[in-house]
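Heads up, entry-v2.cif below (mmCIF, C-alpha atoms):
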```
data_work
loop_
_atom_site.group_PDB
_atom_site.id
_atom_site.type_symbol
_atom_site.label_atom_id
_atom_site.label_comp_id
_atom_site.auth_asym_id
_atom_site.auth_seq_id
_atom_site.Cartn_x
_atom_site.Cartn_y
_atom_site.Cartn_z
ATOM 1 C CA MET J 1 26.216 177.583 113.952
ATOM 2 C CA ARG J 2 26.118 173.795 113.769
ATOM 3 C CA ARG J 3 25.300 172.741 110.201
ATOM 4 C CA LEU J 4 24.025 169.184 109.907
ATOM 5 C CA PHE J 5 24.167 167.419 106.541
ATOM 6 C CA PRO J 6 25.350 170.646 104.849
ATOM 7 C CA VAL J 7 23.411 171.784 101.802
ATOM 8 C CA THR J 8 26.728 172.724 100.138
ATOM 9 C CA ASP J 9 28.192 169.215 100.492
ATOM 10 C CA GLN J 10 27.941 167.702 97.013
ATOM 11 C CA THR J 11 30.779 165.178 97.361
ATOM 12 C CA PRO J 12 29.417 161.823 96.110
ATOM 13 C CA ASP J 13 31.516 159.825 98.579
ATOM 14 C CA SER J 14 30.581 161.931 101.596
ATOM 15 C CA PRO J 15 29.444 159.785 104.566
ATOM 16 C CA ARG J 16 26.584 162.271 104.914
ATOM 17 C CA ASP J 17 25.521 162.002 101.274
ATOM 18 C CA ARG J 18 21.724 162.234 101.268
ATOM 19 C CA ALA J 19 21.503 160.100 98.142
ATOM 20 C CA ASP J 20 22.829 157.077 100.061
ATOM 21 C CA ARG J 21 20.640 157.001 103.153
ATOM 22 C CA GLU J 22 17.967 158.668 105.218
ATOM 23 C CA TRP J 23 18.499 160.329 108.575
ATOM 24 C CA SER J 24 17.875 157.901 111.395
ATOM 25 C CA LEU J 25 15.492 158.782 114.198
ATOM 26 C CA ASP J 26 18.417 158.668 116.638
ATOM 27 C CA GLU J 27 20.319 161.247 114.548
ATOM 28 C CA LEU J 28 17.294 163.522 114.477
ATOM 29 C CA ALA J 29 16.687 163.067 118.201
ATOM 30 C CA ASP J 30 20.309 163.960 118.933
ATOM 31 C CA ALA J 31 20.157 166.990 116.633
ATOM 32 C CA TYR J 32 16.980 168.293 118.294
ATOM 33 C CA ALA J 33 17.763 167.323 121.894
ATOM 34 C CA TYR J 34 16.607 169.809 124.521
ATOM 35 C CA PRO J 35 19.379 171.666 126.346
ATOM 36 C CA ALA J 36 20.219 170.652 129.891
ATOM 37 C CA LEU J 37 17.732 172.197 132.314
ATOM 38 C CA GLY J 38 18.358 173.142 135.920
ATOM 39 C CA PRO J 39 16.035 172.037 138.737
ATOM 40 C CA ASP J 40 13.646 174.922 138.075
ATOM 41 C CA GLY J 41 14.329 175.290 134.363
ATOM 42 C CA HIS J 42 11.987 174.956 131.407
ATOM 43 C CA TRP J 43 12.368 175.301 127.642
ATOM 44 C CA LEU J 44 9.644 176.266 125.177
ATOM 45 C CA ARG J 45 10.319 175.538 121.526
ATOM 46 C CA ALA J 46 7.981 176.115 118.597
ATOM 47 C CA ASN J 47 7.717 173.959 115.501
ATOM 48 C CA MET J 48 6.259 175.712 112.470
ATOM 49 C CA VAL J 49 6.332 175.489 108.673
ATOM 50 C CA SER J 50 6.271 178.341 106.186
ATOM 51 C CA THR J 51 6.308 178.646 102.398
ATOM 52 C CA LEU J 52 8.923 180.763 100.657
ATOM 53 C CA ASP J 53 6.462 183.646 100.505
ATOM 54 C CA GLY J 54 5.576 183.449 104.204
ATOM 55 C CA ALA J 55 2.349 181.426 104.266
ATOM 56 C CA ALA J 56 1.963 179.260 107.371
ATOM 57 C CA GLN J 57 -1.118 177.502 106.003
ATOM 58 C CA HIS J 58 -2.945 176.635 102.806
ATOM 59 C CA ASP J 59 -6.723 176.417 102.932
ATOM 60 C CA GLY J 60 -6.481 176.844 106.711
ATOM 61 C CA ARG J 61 -4.172 173.870 107.337
ATOM 62 C CA SER J 62 -0.407 173.381 107.507
ATOM 63 C CA GLN J 63 -0.324 169.858 106.038
ATOM 64 C CA PRO J 64 -0.466 170.933 102.344
ATOM 65 C CA ILE J 65 2.810 172.857 102.660
ATOM 66 C CA SER J 66 4.578 170.126 104.643
ATOM 67 C CA GLY J 67 6.451 167.072 103.414
ATOM 68 C CA GLU J 68 7.592 163.578 104.425
ATOM 69 C CA THR J 69 10.761 164.619 106.248
ATOM 70 C CA ASP J 70 8.984 167.557 107.864
ATOM 71 C CA MET J 71 6.497 165.096 109.355
ATOM 72 C CA LYS J 72 9.385 162.874 110.498
ATOM 73 C CA ILE J 73 10.921 165.822 112.353
ATOM 74 C CA PHE J 74 7.449 166.761 113.632
ATOM 75 C CA GLY J 75 7.185 163.288 115.195
ATOM 76 C CA THR J 76 10.714 163.480 116.606
ATOM 77 C CA LEU J 77 10.067 166.837 118.281
ATOM 78 C CA ARG J 78 6.888 165.454 119.826
ATOM 79 C CA ALA J 79 8.727 162.375 121.061
ATOM 80 C CA LEU J 80 11.271 164.542 122.878
ATOM 81 C CA ALA J 81 8.719 166.781 124.610
ATOM 82 C CA ASP J 82 6.996 166.485 127.971
ATOM 83 C CA VAL J 83 4.024 168.453 126.673
ATOM 84 C CA VAL J 84 2.702 169.728 123.351
ATOM 85 C CA VAL J 85 1.101 173.161 123.729
ATOM 86 C CA VAL J 86 -1.511 174.169 121.177
ATOM 87 C CA GLY J 87 -4.241 176.749 120.697
ATOM 88 C CA ALA J 88 -7.934 175.870 120.629
ATOM 89 C CA GLU J 89 -8.361 177.085 117.043
ATOM 90 C CA THR J 90 -5.598 174.774 115.854
ATOM 91 C CA VAL J 91 -7.206 171.856 117.703
ATOM 92 C CA ARG J 92 -10.416 172.514 115.780
ATOM 93 C CA GLN J 93 -8.829 173.141 112.375
ATOM 94 C CA GLU J 94 -6.209 170.384 112.404
ATOM 95 C CA GLY J 95 -8.362 167.706 114.071
ATOM 96 C CA TYR J 96 -5.937 167.100 116.935
ATOM 97 C CA ARG J 97 -5.742 163.649 118.443
ATOM 98 C CA PRO J 98 -3.861 162.389 121.527
ATOM 99 C CA ALA J 99 -0.109 161.929 121.198
ATOM 100 C CA ARG J 100 0.830 158.282 120.815
ATOM 101 C CA ALA J 101 3.623 156.230 122.311
ATOM 102 C CA ARG J 102 6.354 155.414 119.805
ATOM 103 C CA GLU J 103 8.528 152.356 120.384
ATOM 104 C CA ALA J 104 11.499 153.969 118.630
ATOM 105 C CA PHE J 105 11.704 156.599 121.376
ATOM 106 C CA ALA J 106 10.630 154.484 124.369
ATOM 107 C CA ALA J 107 14.134 153.918 125.783
ATOM 108 C CA ARG J 108 15.122 157.552 125.289
ATOM 109 C CA ARG J 109 11.997 158.794 127.063
ATOM 110 C CA GLU J 110 12.445 156.343 129.932
ATOM 111 C CA ALA J 111 16.070 157.442 130.387
ATOM 112 C CA ALA J 112 14.893 161.064 130.532
ATOM 113 C CA GLY J 113 12.292 160.225 133.179
ATOM 114 C CA GLN J 114 9.391 160.843 130.795
ATOM 115 C CA GLY J 115 6.138 158.963 130.378
ATOM 116 C CA PRO J 116 5.336 156.964 127.229
ATOM 117 C CA ALA J 117 3.979 159.991 125.322
ATOM 118 C CA PRO J 118 3.769 163.757 125.767
ATOM 119 C CA ALA J 119 0.664 165.344 127.198
ATOM 120 C CA ILE J 120 -1.344 167.754 125.051
ATOM 121 C CA ALA J 121 -2.102 171.145 126.610
ATOM 122 C CA VAL J 122 -4.804 173.239 124.913
ATOM 123 C CA LEU J 123 -4.813 176.981 125.632
ATOM 124 C CA THR J 124 -8.283 178.504 125.489
ATOM 125 C CA ALA J 125 -10.172 181.446 126.982
ATOM 126 C CA ARG J 126 -13.724 180.564 125.910
ATOM 127 C CA MET J 127 -13.371 176.793 126.391
ATOM 128 C CA ASP J 128 -15.038 176.403 122.980
ATOM 129 C CA LEU J 129 -13.956 172.796 122.538
ATOM 130 C CA ASP J 130 -15.656 169.492 121.760
ATOM 131 C CA PHE J 131 -14.952 167.473 124.890
ATOM 132 C CA SER J 132 -16.359 164.296 123.319
ATOM 133 C CA LEU J 133 -13.319 164.023 121.032
ATOM 134 C CA PRO J 134 -10.658 161.324 121.660
ATOM 135 C CA LEU J 135 -8.198 164.085 122.586
ATOM 136 C CA PHE J 136 -10.142 164.453 125.821
ATOM 137 C CA THR J 137 -11.869 161.103 126.316
ATOM 138 C CA SER J 138 -9.127 158.585 125.487
ATOM 139 C CA PRO J 139 -5.606 160.039 125.627
ATOM 140 C CA LEU J 140 -2.661 157.948 126.769
ATOM 141 C CA VAL J 141 -1.805 160.845 129.099
ATOM 142 C CA PRO J 142 -4.609 163.128 130.386
ATOM 143 C CA THR J 143 -5.053 166.231 128.236
ATOM 144 C CA LEU J 144 -4.638 169.583 129.961
ATOM 145 C CA VAL J 145 -6.909 172.539 129.292
ATOM 146 C CA VAL J 146 -5.149 175.800 130.158
ATOM 147 C CA THR J 147 -7.487 178.735 130.715
ATOM 148 C CA GLY J 148 -8.111 181.812 132.847
ATOM 149 C CA ALA J 149 -9.736 182.065 136.262
ATOM 150 C CA ALA J 150 -12.831 183.653 134.728
ATOM 151 C CA ALA J 151 -13.442 180.909 132.160
ATOM 152 C CA PRO J 152 -17.086 179.748 131.830
ATOM 153 C CA ALA J 153 -17.748 177.514 134.842
ATOM 154 C CA ASP J 154 -20.042 175.168 132.940
ATOM 155 C CA ARG J 155 -17.370 174.539 130.302
ATOM 156 C CA VAL J 156 -14.726 173.964 132.970
ATOM 157 C CA ALA J 157 -17.013 171.364 134.556
ATOM 158 C CA GLU J 158 -17.532 169.738 131.152
ATOM 159 C CA ALA J 159 -13.785 169.496 130.609
ATOM 160 C CA VAL J 160 -13.234 167.885 134.003
ATOM 161 C CA LYS J 161 -16.105 165.463 133.376
ATOM 162 C CA ALA J 162 -14.461 164.403 130.116
ATOM 163 C CA GLY J 163 -11.238 163.584 131.983
ATOM 164 C CA ALA J 164 -9.170 166.671 131.192
ATOM 165 C CA GLU J 165 -7.035 168.438 133.780
ATOM 166 C CA VAL J 166 -7.856 172.159 133.965
ATOM 167 C CA VAL J 167 -4.920 174.494 134.600
ATOM 168 C CA VAL J 168 -5.558 178.137 135.538
ATOM 169 C CA ALA J 169 -2.979 180.510 134.046
ATOM 170 C CA GLY J 170 -4.609 183.927 134.040
ATOM 171 C CA ASP J 171 -6.618 186.178 136.329
ATOM 172 C CA GLY J 172 -9.341 186.933 133.773
ATOM 173 C CA ALA J 173 -10.755 184.722 131.027
ATOM 174 C CA ALA J 174 -7.630 184.963 128.863
ATOM 175 C CA VAL J 175 -4.490 182.919 129.351
ATOM 176 C CA ASP J 176 -1.236 184.641 130.316
ATOM 177 C CA PRO J 177 1.289 182.910 127.974
ATOM 178 C CA ALA J 178 4.305 183.281 130.276
ATOM 179 C CA ARG J 179 2.298 182.065 133.254
ATOM 180 C CA ALA J 180 1.089 179.070 131.231
ATOM 181 C CA VAL J 181 4.716 178.073 130.635
ATOM 182 C CA ARG J 182 5.447 178.320 134.362
ATOM 183 C CA GLU J 183 2.285 176.441 135.391
ATOM 184 C CA LEU J 184 3.072 173.554 133.054
ATOM 185 C CA ALA J 185 6.699 173.457 134.229
ATOM 186 C CA GLY J 186 5.450 173.348 137.818
ATOM 187 C CA ARG J 187 3.651 170.112 136.942
ATOM 188 C CA GLY J 188 6.907 168.582 135.745
ATOM 189 C CA LEU J 189 6.234 169.387 132.078
ATOM 190 C CA ARG J 190 9.448 171.309 131.498
ATOM 191 C CA ARG J 191 10.373 170.290 127.934
ATOM 192 C CA GLN J 192 7.647 172.149 126.094
ATOM 193 C CA LEU J 193 6.755 172.178 122.403
ATOM 194 C CA THR J 194 4.195 174.472 120.817
ATOM 195 C CA GLU J 195 2.773 173.718 117.371
ATOM 196 C CA GLY J 196 0.800 176.948 117.152
ATOM 197 C CA GLY J 197 -1.263 178.129 115.593
ATOM 198 C CA PRO J 198 0.098 181.488 114.511
ATOM 199 C CA ARG J 199 -1.988 183.446 117.016
ATOM 200 C CA LEU J 200 -0.699 181.412 119.956
ATOM 201 C CA LEU J 201 2.903 181.615 118.759
ATOM 202 C CA GLY J 202 2.509 185.378 118.442
ATOM 203 C CA GLN J 203 1.378 185.536 122.057
ATOM 204 C CA PHE J 204 4.415 183.574 123.229
ATOM 205 C CA VAL J 205 6.709 185.846 121.190
ATOM 206 C CA ALA J 206 5.073 189.020 122.539
ATOM 207 C CA ALA J 207 5.457 187.680 126.101
ATOM 208 C CA ASP J 208 9.144 186.859 125.437
ATOM 209 C CA ALA J 209 8.413 183.283 126.520
ATOM 210 C CA LEU J 210 9.816 181.465 123.471
ATOM 211 C CA ASP J 211 13.266 179.874 123.784
ATOM 212 C CA GLU J 212 13.614 178.196 120.380
ATOM 213 C CA LEU J 213 12.013 178.215 116.939
ATOM 214 C CA CYS J 214 12.233 175.132 114.729
ATOM 215 C CA LEU J 215 11.142 176.432 111.338
ATOM 216 C CA THR J 216 10.686 174.366 108.214
ATOM 217 C CA ILE J 217 10.996 176.461 105.061
ATOM 218 C CA SER J 218 8.902 174.769 102.391
ATOM 219 C CA PRO J 219 10.037 175.218 98.753
ATOM 220 C CA MET J 220 6.562 176.363 97.758
ATOM 221 C CA LEU J 221 4.779 179.588 96.872
ATOM 222 C CA ALA J 222 1.195 179.998 98.060
ATOM 223 C CA ALA J 223 0.266 183.677 97.551
ATOM 224 C CA GLY J 224 -3.179 184.528 98.964
ATOM 225 C CA ASP J 225 -3.735 185.977 102.404
ATOM 226 C CA ALA J 226 -2.639 183.069 104.611
ATOM 227 C CA GLN J 227 -1.309 183.862 108.078
ATOM 228 C CA ARG J 228 2.383 184.139 108.889
ATOM 229 C CA ILE J 229 3.806 181.691 111.432
ATOM 230 C CA SER J 230 3.084 184.204 114.202
ATOM 231 C CA GLY J 231 0.443 186.878 114.509
ATOM 232 C CA GLY J 232 -1.259 189.084 117.040
ATOM 233 C CA PRO J 233 0.423 191.761 119.165
ATOM 234 C CA SER J 234 3.746 193.165 117.999
ATOM 235 C CA VAL J 235 6.886 193.604 120.074
ATOM 236 C CA THR J 236 8.574 196.940 120.749
ATOM 237 C CA VAL J 237 11.934 195.632 119.566
ATOM 238 C CA PRO J 238 12.196 192.464 117.419
ATOM 239 C CA HIS J 239 13.691 189.535 119.318
ATOM 240 C CA ARG J 240 17.031 188.322 117.983
ATOM 241 C CA LEU J 241 17.694 184.566 117.919
ATOM 242 C CA ALA J 242 20.900 182.684 117.132
ATOM 243 C CA PRO J 243 20.994 179.948 114.451
ATOM 244 C CA ALA J 244 21.562 176.497 115.944
ATOM 245 C CA SER J 245 21.288 174.075 113.022
ATOM 246 C CA VAL J 246 20.257 173.690 109.389
ATOM 247 C CA LEU J 247 19.244 170.488 107.618
ATOM 248 C CA GLU J 248 18.140 170.074 103.992
ATOM 249 C CA GLU J 249 16.026 167.451 102.255
ATOM 250 C CA ALA J 250 14.318 167.615 98.844
ATOM 251 C CA GLY J 251 14.453 171.396 98.805
ATOM 252 C CA PHE J 252 13.016 171.781 102.312
ATOM 253 C CA LEU J 253 15.187 173.590 104.861
ATOM 254 C CA PHE J 254 14.834 172.540 108.493
ATOM 255 C CA THR J 255 16.202 175.308 110.687
ATOM 256 C CA SER J 256 16.563 175.827 114.403
ATOM 257 C CA TYR J 257 17.092 179.199 116.113
ATOM 258 C CA ARG J 258 17.623 179.625 119.863
ATOM 259 C CA ARG J 259 17.352 182.437 122.372
ATOM 260 C CA ILE J 260 20.589 184.376 122.774
#
```

Show how you would write the structure in this file as C-alpha cells.
Amino acid sequence: MRRLFPVTDQTPDSPRDRADREWSLDELADAYAYPALGPDGHWLRANMVSTLDGAAQHDGRSQPISGETDMKIFGTLRALADVVVVGAETVRQEGYRPARAREAFAARREAAGQGPAPAIAVLTARMDLDFSLPLFTSPLVPTLVVTGAAAPADRVAEAVKAGAEVVVAGDGAAVDPARAVRELAGRGLRRQLTEGGPRLLGQFVAADALDELCLTISPMLAAGDAQRISGGPSVTVPHRLAPASVLEEAGFLFTSYRRI
C-alpha cells in the first residue's frame, strides 16, 4: 500500500508536515492518476463519501458530510476523467451542472489527449430529466444520456433536441451497467468516474464493472436511515479490493482501493 502524507507522521520537521502547507493540485493529480490503459482498455473509478456510521448522505445530499479537502479531491478526480457517470436521481437531487474547464489542469489534459473538461453521462431508464437545465442546454462538452433501447421515444427526442447525445446500453428500458462502460469507452471516454448515487454504484458493483473506489471517510456521525455508498442488488461473493493510498486532513481519511 502506498501511504501518502502518513497519518502517523507527527515529526514537526517532516517535509510532508500538514501544518506547514497544503497539498498542491499537481500532487493530488499524481496521487490519483489513472493507470496506463491499453488500446482497448478502460477504467471505472467511483468517488464517494461516507460518515463513520455509514451514511452516504444527510438530508438527501452528500455535501453536508463533505469538507474543503474532499471537494478539492472531488475537483481533481473530475479533472482527470474523460467522463463523469452519474445516475438520474443524483442529477435531480444534487442539482448537477456541466463540468467546467480548469486552467490548473489544462496542460495535463492536453498532454493526455483530453478535451478541456470531462463530459457528463447520465444513466436513466425512464428519461425523467429536465432537459431545459444547463447540464443539457449549455455544457462545454455535450452531455450524454445513457439509456435502454426501449426508453420512451418522446423523451429520447426531447433529449436530442436539447443537444444531448443519446447512448443505448441495454436491450430493454433499463441500462446494462457493464455495457454502459463499454459503450462510453467505445466513444473514446475510457477514463471514467462515477459519483453515484448509491443505487448506481450498487449496480456497477453487482455487474463487477468497478475498477477502483475512492472513498472519503468523514469524521461525522449521522444516524438516521441514510443510504450506504452502494445499494441495490447484492453480490454472491463480496468483491475484494486492494488498498492503493491513504491521505488524511482535518480528521477526514481519503482512501483509494483498486481491483485485484

Problem set entry | Given the PyMOL selection byres ((chain J and resi 194) around 9), the residues it picks as a count of residues only | 17

Exercise. From the set J:Asp53, J:Asp171, J:Glu158, J:Asp40, which residue has the shortest atom-to-atom contact distance to Gln227 (chain J), counting only C-alpha atoms?
Worked result: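 Closest candidate: J:Asp53.
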
For this session: Pick out the residues sitting within 8 Å of Leu135 (chain J), and hand them over as a list in words; count only C-alpha atoms, and ignore anything fewer than 3 positions along from it in its own chain.
Result: Tyr96, Arg97, Pro98, Phe131, Ser138, Pro139 and Thr143 of chain J

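Atom pair CA of Gly95 (chain J) / CA of Gly113 (chain J) has a distance of 29.1 Å (rounded to one decimal).
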
Please tabulate, as a tab-separated table, the residues of region 29-117 of chain J that come within 12 Å of region 254-258 of chain J, each with its closest pair of atoms and the distance in Å to one decimal, counting only C-alpha atoms and ordering rows by chain, then residue number upward.
```
residue	atom	partner	partner_atom	distance
J:Ala31	CA	J:Ser256	CA	9.8
J:Tyr32	CA	J:Ser256	CA	8.5
J:Ala33	CA	J:Ser256	CA	11.4
J:Tyr34	CA	J:Arg258	CA	10.9
J:Pro35	CA	J:Arg258	CA	10.4
J:Trp43	CA	J:Arg258	CA	10.3
J:Leu44	CA	J:Arg258	CA	10.2
J:Arg45	CA	J:Arg258	CA	8.5
J:Ala46	CA	J:Ser256	CA	9.6
J:Asn47	CA	J:Ser256	CA	9.1
J:Met48	CA	J:Phe254	CA	10.0
J:Val49	CA	J:Phe254	CA	9.0
J:Ser50	CA	J:Phe254	CA	10.6
J:Ser66	CA	J:Phe254	CA	11.2
J:Gly67	CA	J:Phe254	CA	11.2
J:Thr69	CA	J:Phe254	CA	9.2
J:Asp70	CA	J:Phe254	CA	7.7
J:Met71	CA	J:Phe254	CA	11.2
J:Lys72	CA	J:Phe254	CA	11.3
J:Ile73	CA	J:Phe254	CA	8.7
J:Phe74	CA	J:Phe254	CA	10.7
J:Leu77	CA	J:Ser256	CA	11.7
```

Exercise. Near Gln57 (chain J), counting only C-alpha atoms, which residues have an atom at most 12 Å away, once you skip same-chain residues fewer than 6 positions from it, shown as a list in words?
Worked result: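 After dropping sequence-adjacent residues, the list is Met48, Val49, Ser50, Thr51, Gln63, Pro64, Ile65, Ser66, Thr90, Gln93, Glu94, Gly196, Gly197, Pro198, Ser218, Met220, Leu221, Ala222, Ala223, Gly224, Asp225, Ala226, Gln227, Arg228, Ile229 and Ser230 of chain J.
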
Exercise. Which is closest to Ala164 (chain J) among J:Ala81, J:Val181, J:Ala121, J:Leu213, if we use all atoms listed in the file?
Worked result: J:Ala121

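In this model, the gap between CA of Leu241 (chain J) and CA of Glu212 (chain J) comes to 8.0 Å.
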
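Using only C-alpha atoms, the smallest distance between any of J:Glu103, J:Glu89, J:Glu165, J:Asp176 and Asp208 (chain J) comes from J:Asp176.
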
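For the residues J:Val237, J:Leu25, J:Leu37, J:Val246, ranking by smallest atom-to-atom distance to Thr216 (chain J) using only C-alpha atoms places J:Val246 first.
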
Exercise. Quick one: of J:Ala244, J:Val160, J:Ala153, J:Ala29, who's nearest to Leu215 (chain J), counting all atoms listed in the file?
Worked result: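 Between J:Ala244, J:Val160, J:Ala153, J:Ala29, the residue approaching Leu215 (chain J) most closely is J:Ala244.
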
For this session: Work out how far apart CA of Val91 (chain J) and CA of Arg191 (chain J) are and give it in Å to one decimal.
Result: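 For CA of Val91 (chain J) relative to CA of Arg191 (chain J), the distance reads 20.4 Å.
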
Problem set entry | Top pick for closest residue to Leu133 (chain J), considering J:Arg109, J:Asp154, J:Pro118, J:Gly163 and counting all atoms listed in the file |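 With all atoms listed in the file as the atom set, the closest residue is J:Gly163.
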
Problem set entry | Selection result of the PyMOL selection byres ((chain J and resi 183) around 12) on this file, as JSON, numbers by chain | {"J": [40, 42, 83, 121, 144, 145, 146, 147, 148, 166, 167, 168, 169, 170, 175, 176, 177, 178, 179, 180, 181, 182, 184, 185, 186, 187, 188, 189, 190, 192]}

Mind giving me the axis-aligned box for region 136-149 of chain J with 4 Å on every side, centre plus edges in Å to one decimal, as AutoDock Vina command-line options?
```
--center_x -6.8 --center_y 170.0 --center_z 130.9 --size_x 18.1 --size_y 32.1 --size_z 18.8
```

For this session: Mind checking which residues fall within 10 Å of Thr236 (chain J), counting only C-alpha atoms, ignoring those fewer than 3 positions away in the same chain, and posting them as a ChimeraX atom specification?
Result: /J:206,233,239
